[in-house]
Amino acid sequence: MNKMKKNDTRITRMLNVEYPLLCGGLYGLSESKLVSSICNAGGYAFLSSSHLNSKELLKKEIRKTRALTDKPFGVNLSLLKESKSNLVNEYIDAVIEENIPVVETAGNNPEDYIKKLKENGIKVLHKVVSPRHALKAEKFGADAIILVGYSAGGHPGMDEVGLFVNLVETLNCVQVPVIAAGGICSGRGMAAAMSAGAEAVLMGTAFSVTKESHYHENIKNKIIESSSTDTVVIFKSIRNAFRCVRNKMTEKILELEENNASPEELLVHLKNFDAKESYLAGDAENIFIPAGQAIGLIDSIKSCRELIENTMEEYKACI
Ligand SMILES: Cc1cc2nc3c(=O)[nH]c(=O)nc-3n(C[C@H](O)[C@H](O)[C@H](O)COP(=O)(O)O)c2cc1C
């Protein structure tokens with residue numbers, strides 16, 4: 001296989017990116033520094049919008065990112081029920097006004113927003129946790145599907161289906177390109193997903209512990225010292241599965257869930273959680289650290305360029 005064939009897929013052409021290697025939106029972390037470092041190293045990344053709380057702040061972050069890279073990048077739009085829909089509309093206006101070419105939507109059906117995005121020439125990569133959601137998103141006009149398996153950090157869905165069953169089922173039922181995610185953090189995982197038919201891979205956990213991520217050192221160290229069995233899925237009782245590193249906070253939530261706590265009693269912990277502030281502070285125990293089972297494979301803190309180059313080298317060697 002020549003170099004072009006390894007890296008040239010419908011996704012690399014759609015995104016105008018060198019490598020089929022993406023970083024998903026990372027709440028409170030995907031800001032200008034992380035996103036521009038990934039794009040400058042040949043990958044593609046999405047600015048997180050939902051922690052910014054206003055259209056103007058998103059526009060400012062977009063401009064800050066543009067000052068750090070001349071490569072294209074996208075914006076992540078969280079459509080989770082708890083996201084305020086008026087804010088989603090504001091973020092979409094910011095994306096249109098700033099000529100952002102691609103958005104990653106996640107958390108809910110994109111139907112209400114996709115028409116406006118597409119009318120403005122914006123490509124929509126919709127993130128799903130099951131083939132049935134992939135089919136729906138394709139029907140509504142998504143340009144590509146990001147298929148997430150149950151190992152993923154953040155919201156891996158309620159079906160508890162691992163990446164490869166989910167991926168193959170999805171590849172068998174949609175025509176649009178599929179990007180694989182959830183447990184991939186190296187060239188070996190990338191090669192497996194690309195060999196199955198994915199046209200790119202997306203990683204979250206691996207980028208969350210890079211030098212350019214603004215996690216406090218204590219949080220990065222906790223992640224790299226953890227093994228693949230050190231994550232837990234919380235909030236299953238309210239059908240909002242959330243995979244995080246096991247710590248005092250997740251133990252507290254699991255105990256509340258065992259004692260049948262109400263949604264309000266559980267969600268208050270999320271509402272009171274200031275991600276950006278907590279990630280800069282040094283307490284790795286009393287906060288939510290979203291991360292996937294890939295933490296067991298991550299044992300050092302690399303720069304985004306090192307992570308991307310190592311991954312691409314290993315990927316090429318594998319295939
Ligand atoms: C720290 C962290 C924060 C995340 N925040 C978001 C988010 O705000 N929006 C979103 O769509 N996905 C979010 N995710 C999910 C990632 O974009 C991606 O889908 C997932 O991390 C892929 O699986 P992996 O962690 O096994 O690589 C987050 C993941 C992590 C690890």
# chains A, B, ... in the order shown; residues from 1 in each chain; ligands from 1
>>> residues_around(residues="Glu212 of chain A", least_positions_apart="5", cutoff="7 Å", atoms="only C-alpha atoms", output="list in words")
Lys33, Leu34, Ser303 and Cys304 of chain A
>>> residues_near_ligand(ligand="ligand 1", cutoff="7 Å", atoms="only C-alpha atoms and all ligand atoms", output="number ranges by chain")
A: 23-27, 29, 48, 50, 76-78, 105-107, 127, 148, 151-155, 181-185, 202-206, 208, 289-294
>>> closest_atom_pairs(of="segment 82-126 of chain A", to="segment 14-22 of chain A", cutoff="10 Å", atoms="only C-alpha atoms", output="CSV")
residue,atom,partner,partner_atom,distance
A:Pro101,CA,A:Leu15,CA,8.0
A:Val102,CA,A:Leu15,CA,7.4
A:Lys123,CA,A:Met14,CA,8.2
>>> residues_around(residues="Asn109 of chain A", least_positions_apart="3", cutoff="12 Å", atoms="only C-alpha atoms", output="ChimeraX atom specification")
/A:77-81,105-106,112-114,126-129,132-142
>>> write_last_selection(atoms="C-alpha atoms", output="PDB file, in the first residue's frame")
ATOM      1  CA  LEU A  77     -21.541  21.083  19.818  1.00  0.00           C
ATOM      2  CA  SER A  78     -22.979  19.215  22.772  1.00  0.00           C
ATOM      3  CA  LEU A  79     -26.674  18.436  22.238  1.00  0.00           C
ATOM      4  CA  LEU A  80     -27.101  16.684  25.605  1.00  0.00           C
ATOM      5  CA  LYS A  81     -30.494  17.306  27.196  1.00  0.00           C
ATOM      6  CA  THR A 105     -22.319  17.074  17.156  1.00  0.00           C
ATOM      7  CA  ALA A 106     -22.906  14.702  20.048  1.00  0.00           C
ATOM      8  CA  ASP A 112     -33.111  20.304  14.900  1.00  0.00           C
ATOM      9  CA  TYR A 113     -29.757  21.839  13.988  1.00  0.00           C
ATOM     10  CA  ILE A 114     -28.445  19.992  10.957  1.00  0.00           C
ATOM     11  CA  HIS A 126     -22.323  13.234  14.274  1.00  0.00           C
ATOM     12  CA  LYS A 127     -21.078  11.155  17.188  1.00  0.00           C
ATOM     13  CA  VAL A 128     -23.163   8.084  18.105  1.00  0.00           C
ATOM     14  CA  VAL A 129     -22.923   5.063  20.371  1.00  0.00           C
ATOM     15  CA  ARG A 132     -29.381   2.620  15.064  1.00  0.00           C
ATOM     16  CA  HIS A 133     -28.367   6.166  15.993  1.00  0.00           C
ATOM     17  CA  ALA A 134     -25.910   6.161  13.060  1.00  0.00           C
ATOM     18  CA  LEU A 135     -28.692   5.279  10.633  1.00  0.00           C
ATOM     19  CA  LYS A 136     -30.903   8.044  12.019  1.00  0.00           C
ATOM     20  CA  ALA A 137     -28.135  10.638  11.765  1.00  0.00           C
ATOM     21  CA  GLU A 138     -27.378   9.589   8.200  1.00  0.00           C
ATOM     22  CA  LYS A 139     -31.068   9.979   7.350  1.00  0.00           C
ATOM     23  CA  PHE A 140     -31.066  13.500   8.788  1.00  0.00           C
ATOM     24  CA  GLY A 141     -28.057  14.410   6.623  1.00  0.00           C
ATOM     25  CA  ALA A 142     -24.914  13.856   8.707  1.00  0.00           C
TER      26      ALA A 142
END
>>> atom_distance(atom1="atom CA of Ile92 of chain A", atom2="atom CA of Ile62 of chain A")
12.6 Å
>>> select_by_dssp(residues="segment 64-166 of chain A", states="strand (DSSP E or B)", output="MDAnalysis selection string")
chainID A and resid 74:78 102:106 123:128 144:148 154
>>> closest_residue(among="A:Val176, A:Leu58, A:Ala198, A:His214", to="Leu163 of chain A", atoms="only C-alpha atoms")
A:Ala198
>>> closest_residue(among="A:Lys248, A:Asn172, A:Lys220, A:Ile238", to="Glu264 of chain A", atoms="only C-alpha atoms")
A:Ile238
>>> residues_around(residues="segment 228-234 of chain A", least_positions_apart="2", cutoff="6 Å", atoms="only C-alpha atoms", output="JSON, numbers by chain")
{"A": [226, 236, 241, 242, 243, 244, 245, 246, 293, 295, 296]}
>>> write_last_selection(atoms="all heavy atoms", output="JSON list (two decimals), in the first residue's frame")
[["chain", "number", "residue", "atom", "x", "y", "z"],
["A", 226, "SER", "N", -2.78, 4.75, 36.06],
["A", 226, "SER", "CA", -3.96, 3.86, 36.15],
["A", 226, "SER", "C", -3.87, 2.71, 35.16],
["A", 226, "SER", "O", -3.20, 2.80, 34.14],
["A", 226, "SER", "CB", -5.23, 4.66, 35.84],
["A", 226, "SER", "OG", -5.40, 5.67, 36.79],
["A", 236, "LYS", "N", -25.41, 5.68, 35.42],
["A", 236, "LYS", "CA", -26.22, 4.75, 34.63],
["A", 236, "LYS", "C", -27.68, 4.77, 35.11],
["A", 236, "LYS", "O", -28.59, 4.57, 34.34],
["A", 236, "LYS", "CB", -25.66, 3.32, 34.75],
["A", 236, "LYS", "CG", -24.47, 3.10, 33.86],
["A", 236, "LYS", "CD", -24.31, 1.63, 33.50],
["A", 236, "LYS", "CE", -23.33, 0.95, 34.40],
["A", 236, "LYS", "NZ", -23.03, -0.43, 34.03],
["A", 241, "ALA", "N", -24.89, 7.46, 31.11],
["A", 241, "ALA", "CA", -23.62, 6.80, 31.42],
["A", 241, "ALA", "C", -22.42, 7.71, 31.14],
["A", 241, "ALA", "O", -22.34, 8.33, 30.08],
["A", 241, "ALA", "CB", -23.51, 5.53, 30.57],
["A", 242, "PHE", "N", -21.51, 7.76, 32.11],
["A", 242, "PHE", "CA", -20.39, 8.71, 32.05],
["A", 242, "PHE", "C", -19.15, 7.98, 32.57],
["A", 242, "PHE", "O", -19.08, 7.64, 33.75],
["A", 242, "PHE", "CB", -20.77, 9.90, 32.95],
["A", 242, "PHE", "CG", -19.84, 11.08, 32.89],
["A", 242, "PHE", "CD1", -19.17, 11.44, 31.73],
["A", 242, "PHE", "CD2", -19.66, 11.88, 34.03],
["A", 242, "PHE", "CE1", -18.33, 12.56, 31.69],
["A", 242, "PHE", "CE2", -18.83, 12.99, 34.00],
["A", 242, "PHE", "CZ", -18.17, 13.33, 32.83],
["A", 243, "ARG", "N", -18.20, 7.71, 31.66],
["A", 243, "ARG", "CA", -17.01, 6.95, 32.08],
["A", 243, "ARG", "C", -15.91, 7.89, 32.55],
["A", 243, "ARG", "O", -15.49, 8.78, 31.82],
["A", 243, "ARG", "CB", -16.49, 6.04, 30.96],
["A", 243, "ARG", "CG", -15.40, 5.09, 31.46],
["A", 243, "ARG", "CD", -14.80, 4.25, 30.34],
["A", 243, "ARG", "NE", -15.70, 3.25, 29.78],
["A", 243, "ARG", "CZ", -15.99, 2.09, 30.33],
["A", 243, "ARG", "NH1", -15.46, 1.76, 31.50],
["A", 243, "ARG", "NH2", -16.81, 1.24, 29.73],
["A", 244, "CYS", "N", -15.46, 7.67, 33.79],
["A", 244, "CYS", "CA", -14.44, 8.53, 34.40],
["A", 244, "CYS", "C", -13.39, 7.66, 35.08],
["A", 244, "CYS", "O", -13.61, 6.48, 35.33],
["A", 244, "CYS", "CB", -15.07, 9.40, 35.49],
["A", 244, "CYS", "SG", -16.23, 10.61, 34.87],
["A", 245, "VAL", "N", -12.27, 8.28, 35.44],
["A", 245, "VAL", "CA", -11.27, 7.60, 36.26],
["A", 245, "VAL", "C", -11.88, 7.40, 37.65],
["A", 245, "VAL", "O", -12.51, 8.31, 38.20],
["A", 245, "VAL", "CB", -10.00, 8.47, 36.40],
["A", 245, "VAL", "CG1", -8.97, 7.76, 37.28],
["A", 245, "VAL", "CG2", -9.41, 8.77, 35.03],
["A", 246, "ARG", "N", -11.67, 6.20, 38.21],
["A", 246, "ARG", "CA", -12.19, 5.92, 39.56],
["A", 246, "ARG", "C", -11.46, 6.80, 40.58],
["A", 246, "ARG", "O", -10.23, 6.84, 40.62],
["A", 246, "ARG", "CB", -11.94, 4.45, 39.89],
["A", 246, "ARG", "CG", -12.52, 3.98, 41.20],
["A", 246, "ARG", "CD", -11.91, 2.63, 41.60],
["A", 246, "ARG", "NE", -11.99, 1.65, 40.53],
["A", 246, "ARG", "CZ", -13.05, 0.88, 40.32],
["A", 246, "ARG", "NH1", -14.10, 0.98, 41.10],
["A", 246, "ARG", "NH2", -13.05, 0.01, 39.34],
["A", 293, "GLN", "N", -11.05, 3.36, 28.88],
["A", 293, "GLN", "CA", -10.21, 2.24, 29.32],
["A", 293, "GLN", "C", -8.82, 2.30, 28.72],
["A", 293, "GLN", "O", -7.90, 1.62, 29.19],
["A", 293, "GLN", "CB", -10.91, 0.91, 28.96],
["A", 293, "GLN", "CG", -12.19, 0.72, 29.77],
["A", 293, "GLN", "CD", -12.97, -0.52, 29.38],
["A", 293, "GLN", "OE1", -12.92, -0.95, 28.23],
["A", 293, "GLN", "NE2", -13.72, -1.08, 30.32],
["A", 295, "ILE", "N", -6.73, 4.31, 29.25],
["A", 295, "ILE", "CA", -5.76, 4.78, 30.26],
["A", 295, "ILE", "C", -4.76, 3.68, 30.60],
["A", 295, "ILE", "O", -3.63, 3.96, 30.97],
["A", 295, "ILE", "CB", -6.40, 5.34, 31.56],
["A", 295, "ILE", "CG1", -7.32, 4.32, 32.22],
["A", 295, "ILE", "CG2", -7.11, 6.65, 31.29],
["A", 295, "ILE", "CD1", -7.84, 4.79, 33.59],
["A", 296, "GLY", "N", -5.18, 2.43, 30.46],
["A", 296, "GLY", "CA", -4.29, 1.31, 30.76],
["A", 296, "GLY", "C", -3.14, 1.19, 29.77],
["A", 296, "GLY", "O", -2.15, 0.52, 30.04]]
>>> atom_distance(atom1="atom CA of Ser49 of chain A", atom2="atom CA of Gly157 of chain A")
21.0 Å
>>> select_by_dssp(residues="segment 90-268 of chain A", states="alpha helix (DSSP H)", output="PyMOL selection string")
chain A and resi 90-97+111-119+131-140+163-173+187-196+205-208+217-225+248-258+263-268
>>> atom_distance(atom1="atom CA of Gly162 of chain A", atom2="atom CA of Leu256 of chain A")
26.8 Å
>>> closest_residue(among="A:Tyr215, A:Gly149, A:Ile96, A:Val168", to="Glu277 of chain A", atoms="only C-alpha atoms")
A:Tyr215
>>> closest_residue(among="A:Asn89, A:Thr210, A:Thr9, A:Asn120", to="Arg305 of chain A", atoms="only C-alpha atoms")
A:Thr210
>>> closest_residue(among="A:Ile100, A:Leu297, A:Leu68, A:Val88", to="Gly189 of chain A", atoms="only C-alpha atoms")
A:Leu297
>>> closest_residue(among="A:Ser54, A:Ser278, A:Asn260, A:Thr170", to="Gly28 of chain A", atoms="only C-alpha atoms")
A:Ser278
